[in-house]
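Below is input_15.cif, holding mmCIF, C-alpha atoms.
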data_final
loop_
_atom_site.label_atom_id
_atom_site.label_comp_id
_atom_site.auth_asym_id
_atom_site.auth_seq_id
_atom_site.Cartn_x
_atom_site.Cartn_y
_atom_site.Cartn_z
CA MET A 1 6.89 -18.30 -0.38
CA PRO A 2 4.59 -20.25 -2.73
CA ALA A 3 1.15 -18.69 -3.04
CA PHE A 4 -0.55 -21.86 -1.76
CA SER A 5 1.46 -21.71 1.47
CA LEU A 6 0.78 -17.99 1.66
CA ILE A 7 -3.00 -18.32 1.54
CA ARG A 8 -2.89 -20.82 4.40
CA ARG A 9 -0.71 -18.47 6.45
CA LEU A 10 -3.22 -15.69 5.91
CA LEU A 11 -5.94 -17.65 7.72
CA PRO A 12 -4.94 -17.01 11.36
CA PRO A 13 -6.57 -18.60 14.41
CA ALA A 14 -9.90 -16.99 15.15
CA LEU A 15 -8.86 -15.30 18.33
CA ALA A 16 -6.09 -13.49 16.49
CA LEU A 17 -8.88 -11.63 14.72
CA VAL A 18 -10.04 -9.96 17.92
CA LEU A 19 -9.06 -6.30 17.58
CA PRO A 20 -9.54 -3.54 20.16
CA ILE A 21 -11.56 -0.49 19.13
CA VAL A 22 -9.19 2.46 18.85
CA SER A 23 -11.01 4.91 16.61
CA ALA A 24 -14.42 6.33 15.93
CA LEU A 25 -16.49 5.74 12.82
CA PRO A 26 -17.29 8.52 10.37
CA ALA A 27 -20.79 9.96 10.58
CA ALA A 28 -23.34 8.78 8.02
CA ALA A 29 -24.05 11.13 5.13
CA SER A 30 -27.69 11.36 6.23
CA PRO A 31 -29.37 10.25 9.45
CA PRO A 32 -30.25 6.56 9.10
CA PRO A 33 -33.59 5.25 10.36
CA ALA A 34 -33.78 3.25 13.55
CA ARG A 35 -33.01 -0.39 12.94
CA THR A 36 -35.85 -2.86 13.40
CA VAL A 37 -35.20 -5.88 15.60
CA LEU A 38 -35.73 -9.16 13.77
CA ALA A 39 -38.30 -11.51 15.24
CA ALA A 40 -35.65 -14.17 15.80
CA ASP A 41 -33.14 -11.82 17.43
CA PRO A 42 -31.45 -12.93 20.66
CA ALA A 43 -33.41 -12.19 23.82
CA PRO A 44 -33.44 -8.59 25.07
CA GLY A 45 -30.41 -7.92 27.18
CA GLY A 46 -28.38 -10.62 25.46
CA PRO A 47 -25.31 -10.00 23.30
CA ARG A 48 -25.84 -8.24 19.99
CA THR A 49 -23.69 -7.25 17.07
CA SER A 50 -24.18 -4.57 14.46
CA LEU A 51 -22.37 -3.10 11.51
CA PRO A 52 -21.64 0.62 11.33
CA HIS A 53 -24.30 2.54 9.43
CA PRO A 54 -23.54 3.02 5.71
CA THR A 55 -22.16 6.43 4.83
CA GLY A 56 -24.14 7.30 1.70
CA PRO A 57 -27.46 9.15 1.28
CA TYR A 58 -29.55 6.20 0.09
CA GLY A 59 -31.30 3.40 1.90
CA VAL A 60 -30.14 -0.11 0.94
CA GLY A 61 -32.25 -2.86 -0.59
CA ARG A 62 -31.28 -6.48 -1.17
CA GLN A 63 -32.67 -9.35 -3.19
CA SER A 64 -31.24 -12.83 -3.71
CA LEU A 65 -30.68 -14.57 -7.03
CA HIS A 66 -29.93 -18.23 -7.73
CA LEU A 67 -27.99 -18.42 -11.00
CA VAL A 68 -27.07 -21.57 -12.91
CA ASP A 69 -24.50 -21.64 -15.72
CA PRO A 70 -25.44 -24.58 -17.96
CA SER A 71 -22.26 -24.14 -20.01
CA ARG A 72 -20.00 -25.19 -17.11
CA THR A 73 -19.85 -28.20 -14.82
CA ASP A 74 -19.05 -27.45 -11.21
CA PRO A 75 -15.26 -27.80 -10.89
CA TRP A 76 -15.32 -29.17 -7.32
CA VAL A 77 -18.31 -31.52 -7.48
CA PRO A 78 -18.76 -32.53 -11.14
CA GLU A 79 -21.55 -34.95 -10.27
CA ALA A 80 -23.60 -31.98 -9.03
CA GLY A 81 -23.97 -30.80 -12.62
CA ALA A 82 -24.00 -27.18 -13.76
CA ARG A 83 -22.17 -24.43 -11.91
CA GLU A 84 -24.42 -22.65 -9.38
CA LEU A 85 -24.11 -19.29 -7.67
CA MET A 86 -26.06 -17.39 -5.05
CA VAL A 87 -25.94 -13.64 -5.64
CA GLY A 88 -27.03 -10.92 -3.24
CA MET A 89 -28.13 -7.84 -5.14
CA TYR A 90 -27.66 -4.63 -3.12
CA TYR A 91 -29.09 -1.42 -4.56
CA PRO A 92 -30.00 2.18 -3.67
CA ALA A 93 -33.45 2.09 -2.08
CA ARG A 94 -36.08 4.28 -0.51
CA ARG A 95 -35.65 4.42 3.24
CA GLY A 96 -38.35 2.74 5.29
CA THR A 97 -39.45 0.32 2.57
CA GLY A 98 -38.95 -3.43 2.58
CA THR A 99 -38.31 -5.59 5.64
CA PRO A 100 -35.12 -5.97 7.72
CA ALA A 101 -32.70 -8.36 6.04
CA ARG A 102 -31.03 -11.14 7.97
CA TYR A 103 -27.23 -11.03 7.97
CA ALA A 104 -26.99 -14.81 7.46
CA THR A 105 -29.02 -17.89 8.26
CA VAL A 106 -28.39 -19.47 11.66
CA ASP A 107 -26.95 -22.57 9.97
CA GLU A 108 -24.59 -20.49 7.80
CA ALA A 109 -23.44 -18.60 10.89
CA ARG A 110 -22.99 -21.79 12.90
CA LEU A 111 -20.85 -23.44 10.22
CA MET A 112 -18.62 -20.40 9.85
CA LEU A 113 -18.13 -20.00 13.59
CA ALA A 114 -17.32 -23.68 13.98
CA ASP A 115 -14.76 -23.42 11.18
CA ILE A 116 -12.88 -20.59 12.88
CA GLY A 117 -13.08 -22.18 16.32
CA MET A 118 -15.56 -19.68 17.75
CA GLY A 119 -18.65 -21.88 18.06
CA ASP A 120 -18.48 -22.04 21.86
CA VAL A 121 -17.98 -18.31 22.48
CA PHE A 122 -19.94 -16.57 19.71
CA PRO A 123 -23.59 -17.71 19.43
CA ALA A 124 -24.70 -18.37 15.86
CA GLU A 125 -28.00 -16.65 16.60
CA VAL A 126 -26.12 -13.47 17.48
CA LEU A 127 -24.09 -13.47 14.27
CA SER A 128 -27.05 -14.35 12.05
CA THR A 129 -29.12 -11.44 13.38
CA THR A 130 -26.37 -8.82 13.18
CA ALA A 131 -28.06 -5.45 12.72
CA THR A 132 -27.48 -3.82 9.34
CA ASP A 133 -29.27 -1.16 7.31
CA VAL A 134 -30.18 -3.63 4.56
CA ARG A 135 -33.87 -4.14 3.75
CA THR A 136 -35.20 -7.08 1.76
CA ASP A 137 -37.25 -6.11 -1.31
CA ALA A 138 -37.01 -2.38 -0.56
CA ARG A 139 -38.27 -0.12 -3.33
CA PRO A 140 -35.38 1.09 -5.50
CA VAL A 141 -34.57 4.72 -6.09
CA PRO A 142 -35.02 5.17 -9.86
CA GLY A 143 -31.88 5.81 -11.88
CA ARG A 144 -28.93 4.15 -13.59
CA TYR A 145 -26.09 3.10 -11.33
CA PRO A 146 -22.64 1.57 -11.82
CA LEU A 147 -22.36 -2.14 -11.01
CA VAL A 148 -19.70 -3.58 -8.69
CA VAL A 149 -19.31 -7.38 -8.67
CA LEU A 150 -17.96 -8.61 -5.34
CA SER A 151 -16.27 -11.93 -4.45
CA PRO A 152 -15.26 -13.15 -0.95
CA GLY A 153 -12.21 -14.91 0.42
CA PHE A 154 -11.56 -18.63 0.04
CA GLY A 155 -13.74 -20.68 2.39
CA TYR A 156 -15.98 -17.80 3.45
CA SER A 157 -19.41 -16.57 2.46
CA VAL A 158 -19.86 -13.19 0.87
CA PHE A 159 -21.97 -12.17 3.86
CA THR A 160 -18.61 -11.36 5.48
CA LEU A 161 -18.42 -8.39 3.07
CA THR A 162 -21.87 -7.01 3.90
CA GLY A 163 -20.41 -3.87 5.47
CA LEU A 164 -18.70 -2.97 2.20
CA ALA A 165 -21.62 -4.00 -0.03
CA GLU A 166 -24.24 -2.00 1.87
CA ASP A 167 -22.01 1.06 1.95
CA LEU A 168 -21.45 1.03 -1.80
CA ALA A 169 -25.20 0.67 -2.38
CA SER A 170 -25.87 3.59 -0.03
CA ARG A 171 -23.52 5.70 -2.17
CA GLY A 172 -25.34 4.92 -5.41
CA TYR A 173 -23.96 1.61 -6.69
CA VAL A 174 -25.57 -1.70 -7.50
CA VAL A 175 -23.54 -4.51 -5.94
CA ALA A 176 -23.67 -8.16 -7.01
CA ALA A 177 -22.17 -10.11 -4.08
CA ILE A 178 -21.42 -13.70 -5.10
CA ASP A 179 -21.43 -16.91 -3.09
CA HIS A 180 -19.56 -19.51 -5.16
CA ALA A 181 -20.88 -23.07 -4.82
CA TYR A 182 -18.73 -25.40 -2.68
CA GLU A 183 -16.23 -22.62 -1.88
CA SER A 184 -17.51 -21.49 1.53
CA VAL A 185 -17.93 -23.40 4.78
CA GLY A 186 -21.67 -23.04 4.40
CA THR A 187 -24.04 -21.33 1.96
CA ALA A 188 -27.78 -21.95 1.73
CA PHE A 189 -29.03 -22.83 -1.76
CA PRO A 190 -32.61 -23.44 -2.93
CA GLY A 191 -34.31 -26.68 -2.00
CA GLY A 192 -33.04 -26.63 1.57
CA ARG A 193 -29.48 -27.43 0.47
CA MET A 194 -26.52 -26.27 2.53
CA LEU A 195 -23.43 -26.44 0.32
CA THR A 196 -20.18 -26.69 2.25
CA CYS A 197 -16.55 -26.12 1.28
CA VAL A 198 -15.55 -29.08 -0.85
CA ALA A 199 -12.90 -26.82 -2.39
CA CYS A 200 -11.28 -26.41 1.04
CA THR A 201 -10.29 -30.08 1.01
CA LYS A 202 -9.73 -30.50 -2.73
CA ALA A 203 -7.55 -27.43 -3.36
CA ARG A 204 -4.15 -28.77 -2.31
CA THR A 205 -1.73 -27.46 -4.91
CA GLU A 206 -0.79 -24.17 -6.48
CA GLU A 207 -2.40 -25.41 -9.70
CA ASP A 208 -5.67 -25.92 -7.81
CA LEU A 209 -5.59 -22.34 -6.57
CA ILE A 210 -4.80 -21.03 -10.05
CA ALA A 211 -7.87 -22.89 -11.28
CA ALA A 212 -9.92 -21.52 -8.39
CA GLY A 213 -8.91 -17.93 -9.15
CA SER A 214 -9.69 -18.39 -12.84
CA GLY A 215 -13.02 -19.97 -11.91
CA ARG A 216 -13.90 -16.98 -9.77
CA GLY A 217 -13.25 -14.78 -12.78
CA ARG A 218 -15.58 -16.86 -14.95
CA ASP A 219 -18.24 -16.75 -12.24
CA MET A 220 -18.02 -12.95 -12.09
CA SER A 221 -18.25 -12.63 -15.86
CA PHE A 222 -21.27 -14.96 -15.92
CA VAL A 223 -23.02 -12.78 -13.34
CA VAL A 224 -22.43 -9.77 -15.59
CA ASP A 225 -23.95 -11.77 -18.46
CA ARG A 226 -27.08 -12.56 -16.47
CA LEU A 227 -27.52 -9.02 -15.19
CA THR A 228 -26.92 -7.10 -18.42
CA GLY A 229 -28.00 -9.49 -21.18
CA ALA A 230 -31.15 -9.46 -23.28
CA ASP A 231 -33.11 -11.49 -20.71
CA PRO A 232 -31.72 -10.38 -17.33
CA ALA A 233 -32.17 -12.57 -14.27
CA TRP A 234 -32.95 -9.67 -11.93
CA GLY A 235 -36.21 -7.74 -11.91
CA TYR A 236 -34.44 -4.44 -11.24
CA ALA A 237 -31.77 -4.89 -13.91
CA ASP A 238 -32.76 -1.55 -15.46
CA LEU A 239 -30.98 0.09 -12.52
CA ILE A 240 -27.62 -1.07 -13.91
CA ASP A 241 -25.54 1.07 -16.23
CA ARG A 242 -23.93 -1.68 -18.28
CA HIS A 243 -21.15 0.65 -19.43
CA ARG A 244 -19.88 1.21 -15.88
CA ILE A 245 -18.92 -2.12 -14.32
CA GLY A 246 -16.22 -2.89 -11.77
CA ALA A 247 -15.03 -6.01 -9.96
CA ALA A 248 -13.57 -6.33 -6.47
CA GLY A 249 -12.71 -9.17 -4.14
CA HIS A 250 -11.09 -10.12 -0.87
CA SER A 251 -8.24 -12.66 -0.82
CA ILE A 252 -8.83 -15.15 -3.64
CA GLY A 253 -11.81 -13.02 -4.63
CA GLY A 254 -9.31 -10.29 -5.54
CA ALA A 255 -7.51 -12.76 -7.79
CA GLY A 256 -10.90 -13.48 -9.32
CA ALA A 257 -11.47 -9.79 -10.00
CA ALA A 258 -8.21 -9.60 -11.96
CA ALA A 259 -9.04 -12.81 -13.82
CA ALA A 260 -12.47 -11.44 -14.69
CA MET A 261 -10.91 -8.28 -16.11
CA ALA A 262 -8.39 -10.30 -18.11
CA GLY A 263 -11.19 -12.20 -19.83
CA ASP A 264 -13.97 -9.62 -20.00
CA THR A 265 -13.52 -6.09 -21.36
CA ARG A 266 -16.94 -5.05 -20.02
CA ILE A 267 -15.34 -4.84 -16.57
CA ARG A 268 -13.77 -1.40 -16.52
CA ALA A 269 -11.97 -1.38 -13.15
CA GLY A 270 -10.78 -3.86 -10.53
CA VAL A 271 -9.67 -4.18 -6.90
CA ASN A 272 -7.69 -6.89 -5.13
CA MET A 273 -8.03 -6.71 -1.33
CA ASP A 274 -5.05 -8.56 0.14
CA GLY A 275 -5.18 -11.59 -2.16
CA ALA A 276 -2.41 -13.37 -4.03
CA PHE A 277 -2.78 -13.22 -7.82
CA HIS A 278 -3.21 -16.96 -8.31
CA SER A 279 -4.12 -16.28 -11.93
CA ALA A 280 -1.34 -14.00 -13.13
CA VAL A 281 -2.14 -10.69 -14.76
CA PRO A 282 -1.42 -11.22 -18.48
CA GLU A 283 1.97 -10.03 -19.73
CA THR A 284 0.09 -7.76 -22.11
CA GLY A 285 -1.73 -6.06 -19.23
CA LEU A 286 -5.42 -5.31 -18.78
CA GLY A 287 -6.03 -3.02 -21.72
CA LYS A 288 -5.02 0.11 -19.79
CA ARG A 289 -7.93 -0.34 -17.37
CA PRO A 290 -7.42 0.84 -13.76
CA PHE A 291 -6.60 -1.53 -10.93
CA LEU A 292 -6.14 -1.05 -7.18
CA LEU A 293 -3.90 -3.22 -4.97
CA PHE A 294 -5.14 -2.81 -1.40
CA GLY A 295 -3.50 -4.83 1.36
CA THR A 296 -1.68 -5.21 4.65
CA ASP A 297 1.42 -3.12 5.27
CA ASP A 298 3.61 -5.99 6.38
CA ALA A 299 6.12 -8.52 5.10
CA THR A 300 3.49 -10.04 2.83
CA HIS A 301 2.27 -7.22 0.63
CA ARG A 302 4.88 -4.53 0.68
CA PRO A 303 7.02 -4.39 -2.49
CA GLY A 304 9.50 -7.25 -2.46
CA GLY A 305 7.43 -9.08 0.14
CA GLU A 306 6.53 -12.70 0.67
CA ASP A 307 3.83 -12.60 -2.01
CA PRO A 308 5.77 -12.09 -5.27
CA SER A 309 2.57 -12.09 -7.30
CA TRP A 310 1.96 -8.46 -6.32
CA ASP A 311 5.34 -7.37 -7.66
CA GLN A 312 4.71 -9.24 -10.89
CA ALA A 313 1.18 -7.84 -11.24
CA TRP A 314 2.45 -4.31 -10.67
CA THR A 315 4.86 -4.52 -13.59
CA ARG A 316 2.10 -5.83 -15.88
CA LEU A 317 -0.70 -3.46 -14.95
CA ASP A 318 -0.71 -0.98 -17.81
CA GLY A 319 -3.37 1.53 -16.79
CA TRP A 320 -3.98 3.76 -13.78
CA LYS A 321 -2.81 1.83 -10.72
CA ARG A 322 -2.18 2.22 -7.02
CA TRP A 323 -0.46 -0.09 -4.52
CA LEU A 324 -1.83 0.87 -1.11
CA THR A 325 -0.96 -0.89 2.14
CA VAL A 326 -2.57 -0.28 5.51
CA ALA A 327 -0.52 -0.11 8.71
CA ASN A 328 -1.45 -2.57 11.49
CA ALA A 329 -4.09 -4.28 9.33
CA THR A 330 -4.58 -8.04 9.25
CA HIS A 331 -5.84 -10.13 6.35
CA PHE A 332 -9.39 -9.90 7.68
CA SER A 333 -9.36 -6.15 8.36
CA PHE A 334 -11.04 -5.69 4.97
CA SER A 335 -14.07 -7.78 6.02
CA ASP A 336 -16.73 -7.67 8.74
CA PHE A 337 -14.99 -10.19 11.04
CA PRO A 338 -13.08 -7.83 13.36
CA VAL A 339 -16.10 -5.54 13.79
CA PHE A 340 -18.12 -8.35 15.39
CA LEU A 341 -15.39 -9.39 17.75
CA ASP A 342 -14.73 -5.80 18.77
CA ARG A 343 -18.40 -5.23 19.49
CA LEU A 344 -18.67 -8.39 21.62
CA GLY A 345 -15.52 -7.54 23.55
CA LEU A 346 -14.13 -11.03 23.08
CA PRO A 347 -10.61 -11.61 24.40
CA GLY A 348 -7.95 -12.64 21.96
CA GLY A 349 -4.69 -11.97 20.23
CA GLY A 350 -5.12 -8.35 19.20
CA SER A 351 -2.80 -5.67 20.53
CA ALA A 352 -2.98 -1.95 21.16
CA THR A 353 -1.22 -1.36 17.83
CA THR A 354 -3.60 -3.50 15.75
CA LEU A 355 -6.12 -1.70 13.55
CA SER A 356 -9.59 -1.88 15.09
CA GLY A 357 -12.39 -3.57 13.21
CA ALA A 358 -14.31 -0.31 13.07
CA ARG A 359 -11.39 1.59 11.59
CA GLY A 360 -10.54 -1.19 9.14
CA LEU A 361 -14.07 -1.23 7.74
CA ALA A 362 -14.19 2.58 7.58
CA LEU A 363 -10.93 2.71 5.59
CA THR A 364 -12.03 -0.08 3.26
CA ARG A 365 -15.33 1.65 2.57
CA THR A 366 -13.69 5.03 2.01
CA TYR A 367 -10.95 3.94 -0.38
CA LEU A 368 -13.00 1.42 -2.35
CA ALA A 369 -15.70 4.04 -2.88
CA ALA A 370 -13.10 6.60 -3.92
CA PHE A 371 -11.68 4.18 -6.47
CA VAL A 372 -14.99 3.32 -8.13
CA ASP A 373 -16.11 6.96 -7.95
CA ARG A 374 -12.98 7.97 -9.82
CA HIS A 375 -13.04 5.27 -12.47
CA LEU A 376 -16.71 4.43 -12.96
CA ARG A 377 -18.14 7.90 -12.35
CA HIS A 378 -15.08 9.98 -13.34
CA LEU A 379 -15.27 12.07 -10.17
CA PRO A 380 -12.14 13.67 -8.68
CA ARG A 381 -10.96 11.76 -5.64
CA PRO A 382 -7.67 13.33 -4.51
CA LEU A 383 -7.23 10.99 -1.54
CA LEU A 384 -6.05 8.42 -4.11
CA ASP A 385 -3.19 10.72 -5.11
CA GLY A 386 -1.17 10.48 -1.92
CA PRO A 387 -1.19 10.29 1.88
CA THR A 388 -3.64 12.46 3.81
CA PRO A 389 -3.65 13.50 7.49
CA ALA A 390 -7.10 11.93 7.92
CA HIS A 391 -5.81 8.52 6.82
CA PRO A 392 -2.30 8.15 8.25
CA GLU A 393 -2.46 4.34 8.09
CA PHE A 394 -1.91 4.30 4.32
CA ARG A 395 1.39 3.77 2.56
CA PHE A 396 1.49 4.63 -1.15
CA ASN A 397 3.96 2.19 -2.67
CA ASN A 398 5.64 2.92 -5.98
CA PRO A 399 8.29 0.24 -6.65
#

Rewrite the coordinates I just gave you, this time as structure tokens.
Amino acid sequence: MPAFSLIRRLLPPALALVLPIVSALPAAASPPPARTVLAADPAPGGPRTSLPHPTGPYGVGRQSLHLVDPSRTDPWVPEAGARELMVGMYYPARRGTGTPARYATVDEARLMLADIGMGDVFPAEVLSTTATDVRTDARPVPGRYPLVVLSPGFGYSVFTLTGLAEDLASRGYVVAAIDHAYESVGTAFPGGRMLTCVACTKARTEEDLIAAGSGRGRDMSFVVDRLTGADPAWGYADLIDRHRIGAAGHSIGGAGAAAAMAGDTRIRAGVNMDGAFHSAVPETGLGKRPFLLFGTDDATHRPGGEDPSWDQAWTRLDGWKRWLTVANATHFSFSDFPVFLDRLGLPGGGSATTLSGARGLALTRTYLAAFVDRHLRHLPRPLLDGPTPAHPEFRFNNP
């Protein structure tokens, strides 16, 4: 199946994302503080959503950056001028400092819900005020931490990966979570601008998606430039250990992570979460750097499956590598989506055998953290060496 057709198939109707809760979450590494209700939260007694508490020992801070790359014109809207990005910086923080961070703006939430056909059953105000452990402008815990650059799926904001980003920060990582201009259904930019998904209508061919994946890679590399260069864009840039940088992404964001590694040797490790490799891994490999393939255990991403780009990438990856697939997962099990729908008890197309949103997020957090711990911190993480009784959903593929 061509990759362009595949990416469309991987965007199921919204109600197919509704997954029943079938497992408990792991306990947090230290007791988290009580969450503060935002002033604009839904009325008491109304529906609420929340993400599971992060599992690491640190609090989580977040700041937002608006970055502009004057060397590149925006590929989707050339008349807009230079390429723009919004970047959420997550970092280890002192608990109890800062103010509660909003999950998304109401307008961002409304646009996303309308896009997936949930606008009438899932209030935007509920999604936008989802309870997390993230605090805006929290005081950082001093130290030097590895950096993970994170990119979302095609058409969606990076706020859909908040559960992963906040967990990595709680474990002692700085996370740069990127919103790529004109590549989500709605992202707020400075000046009151709401940029919508021009790419969703312009990307019609395989060549367009190859360009999009390559563009994601350039965006990720540019963010590394602005965070680790001589004049960094972030006030807490001293927290970043510039010699320990990884890249990860969901769907086309995973293709972007591979593209970033192919063009930037500063990025020492990469993860593709259930995305086709629209930009092929070079025939010469990635300089023996480690890479994790992490996807659904189905006809798409098992060896010899409908997405041949994984088989090709596997043969070209020349460093440490794992091809892990997760039983009963869907394309969105690696994001926050199913958690919300579980928590609201919305009816839909899930089944008793489908991975719950809670379990999907727990597995994603656990294995992504193990990967970056092993390759950016050089810590032993034996759960990456083979199946474990605690994680029976995983298949270790070795074609």

Q.
I'd like the residues picked by the PyMOL selection byres ((chain A and resi 67) around 6) written out as a PyMOL selection string, using the chain letters and numbers from the file.
A. chain A and resi 66+68+84-85

Q: With the file shown as input, list the residues that the PyMOL selection byres ((chain A and resi 282) around 12) selects, as number ranges by chain.
A: A: 258-263, 277-281, 283-288, 309, 312-318

Run the PyMOL selection byres ((chain A and resi 337) around 9) on the file and write out the hits as a PDB file with C-alpha atoms, keeping the file's coordinate frame.
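Okay, this is what ended up in selection_6.pdb:
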ATOM      1  CA  LEU A  17      -8.880 -11.630  14.720  1.00  0.00           C
ATOM      2  CA  VAL A  18     -10.040  -9.960  17.920  1.00  0.00           C
ATOM      3  CA  THR A 160     -18.610 -11.360   5.480  1.00  0.00           C
ATOM      4  CA  LEU A 161     -18.420  -8.390   3.070  1.00  0.00           C
ATOM      5  CA  PHE A 332      -9.390  -9.900   7.680  1.00  0.00           C
ATOM      6  CA  SER A 333      -9.360  -6.150   8.360  1.00  0.00           C
ATOM      7  CA  PHE A 334     -11.040  -5.690   4.970  1.00  0.00           C
ATOM      8  CA  SER A 335     -14.070  -7.780   6.020  1.00  0.00           C
ATOM      9  CA  ASP A 336     -16.730  -7.670   8.740  1.00  0.00           C
ATOM     10  CA  PRO A 338     -13.080  -7.830  13.360  1.00  0.00           C
ATOM     11  CA  VAL A 339     -16.100  -5.540  13.790  1.00  0.00           C
ATOM     12  CA  PHE A 340     -18.120  -8.350  15.390  1.00  0.00           C
ATOM     13  CA  LEU A 341     -15.390  -9.390  17.750  1.00  0.00           C
ATOM     14  CA  ASP A 342     -14.730  -5.800  18.770  1.00  0.00           C
ATOM     15  CA  GLY A 357     -12.390  -3.570  13.210  1.00  0.00           C
TER      16      GLY A 357
END

Q. In terms of the shortest atom-to-atom distance over all atoms listed in the file, which of A:Gly192, A:Pro54, A:Gly217, A:Gly81 is closest to A:Leu164?
A.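 The closest residue to A:Leu164 is A:Pro54.
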
Q. With only C-alpha atoms as the basis for distance, which of A:Tyr182, A:Tyr103, A:Trp76, A:Phe189 is at the shortest distance from A:Arg135?
A.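 Of A:Tyr182, A:Tyr103, A:Trp76, A:Phe189, the one nearest A:Arg135 is A:Tyr103, counting only C-alpha atoms.
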
Q) With all atoms listed in the file as the atoms that count, which of A:Ser151, A:Ser128, A:Thr97, A:Ser157 lies nearest to A:Gly215? A)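 Once distances to A:Gly215 are computed over all atoms listed in the file, the minimum belongs to A:Ser151.
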
Q.
Could you tell me how far atom CA of A:Gly213 sits from atom CA of A:Asp264, in Å to one decimal place?
A.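 Between these atoms lies a distance of 14.6 Å.
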
Q.
Just checking: using all atoms listed in the file, which residue out of A:Glu108, A:Asp373, A:Asp219, A:Glu166 ends up closest to A:Val134?
A. A:Glu166

Q: Could you give me, as a ChimeraX atom specification, the residues within 7 Å of A:Asp297, counting all atoms listed in the file and dropping anything in the same chain fewer than 4 positions from it?
A: /A:301-302,325-329

Q: Could you please give me, as a PyMOL selection string, the residues of protein, DNA or RNA lying at most 7 Å from (-34.1, 7.6, 1.3) in the coordinate frame of the file, considering all atoms listed in the file?
A: chain A and resi 57-59+93-95

Q.
Taking 2 positions as the minimum chain separation for residues in the same chain, which residues sit within 10 Å of A:His375 when counting only C-alpha atoms? Answer as a list in words.
A. Arg244, Ile245, Gly246, Arg268, Ala269, Gly270, Arg289, Pro290, Phe291, Trp320, Ala370, Phe371, Val372, Asp373, Arg377, His378, Leu379, Pro380 and Arg381 of chain A

With C-alpha atoms retained, export the selected residues as a PDB file, in the frame of the given file.
ATOM      1  CA  ARG A 244     -19.880   1.210 -15.880  1.00  0.00           C
ATOM      2  CA  ILE A 245     -18.920  -2.120 -14.320  1.00  0.00           C
ATOM      3  CA  GLY A 246     -16.220  -2.890 -11.770  1.00  0.00           C
ATOM      4  CA  ARG A 268     -13.770  -1.400 -16.520  1.00  0.00           C
ATOM      5  CA  ALA A 269     -11.970  -1.380 -13.150  1.00  0.00           C
ATOM      6  CA  GLY A 270     -10.780  -3.860 -10.530  1.00  0.00           C
ATOM      7  CA  ARG A 289      -7.930  -0.340 -17.370  1.00  0.00           C
ATOM      8  CA  PRO A 290      -7.420   0.840 -13.760  1.00  0.00           C
ATOM      9  CA  PHE A 291      -6.600  -1.530 -10.930  1.00  0.00           C
ATOM     10  CA  TRP A 320      -3.980   3.760 -13.780  1.00  0.00           C
ATOM     11  CA  ALA A 370     -13.100   6.600  -3.920  1.00  0.00           C
ATOM     12  CA  PHE A 371     -11.680   4.180  -6.470  1.00  0.00           C
ATOM     13  CA  VAL A 372     -14.990   3.320  -8.130  1.00  0.00           C
ATOM     14  CA  ASP A 373     -16.110   6.960  -7.950  1.00  0.00           C
ATOM     15  CA  ARG A 377     -18.140   7.900 -12.350  1.00  0.00           C
ATOM     16  CA  HIS A 378     -15.080   9.980 -13.340  1.00  0.00           C
ATOM     17  CA  LEU A 379     -15.270  12.070 -10.170  1.00  0.00           C
ATOM     18  CA  PRO A 380     -12.140  13.670  -8.680  1.00  0.00           C
ATOM     19  CA  ARG A 381     -10.960  11.760  -5.640  1.00  0.00           C
TER      20      ARG A 381
END

Q.
Neighbouring residues of A:Ala131 were defined as those with any atom within 7 Å, considering only C-alpha atoms; residues of the same chain fewer than 6 positions away were excluded. Please report them as a list in words.
A.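 Answer for this query is Thr49, Ser50 and Leu51 of chain A.
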
Selected residues written out, C-alpha atoms, as a CSV table (one decimal), keeping the file's coordinate frame:
chain,number,residue,atom,x,y,z
A,49,THR,CA,-23.7,-7.2,17.1
A,50,SER,CA,-24.2,-4.6,14.5
A,51,LEU,CA,-22.4,-3.1,11.5
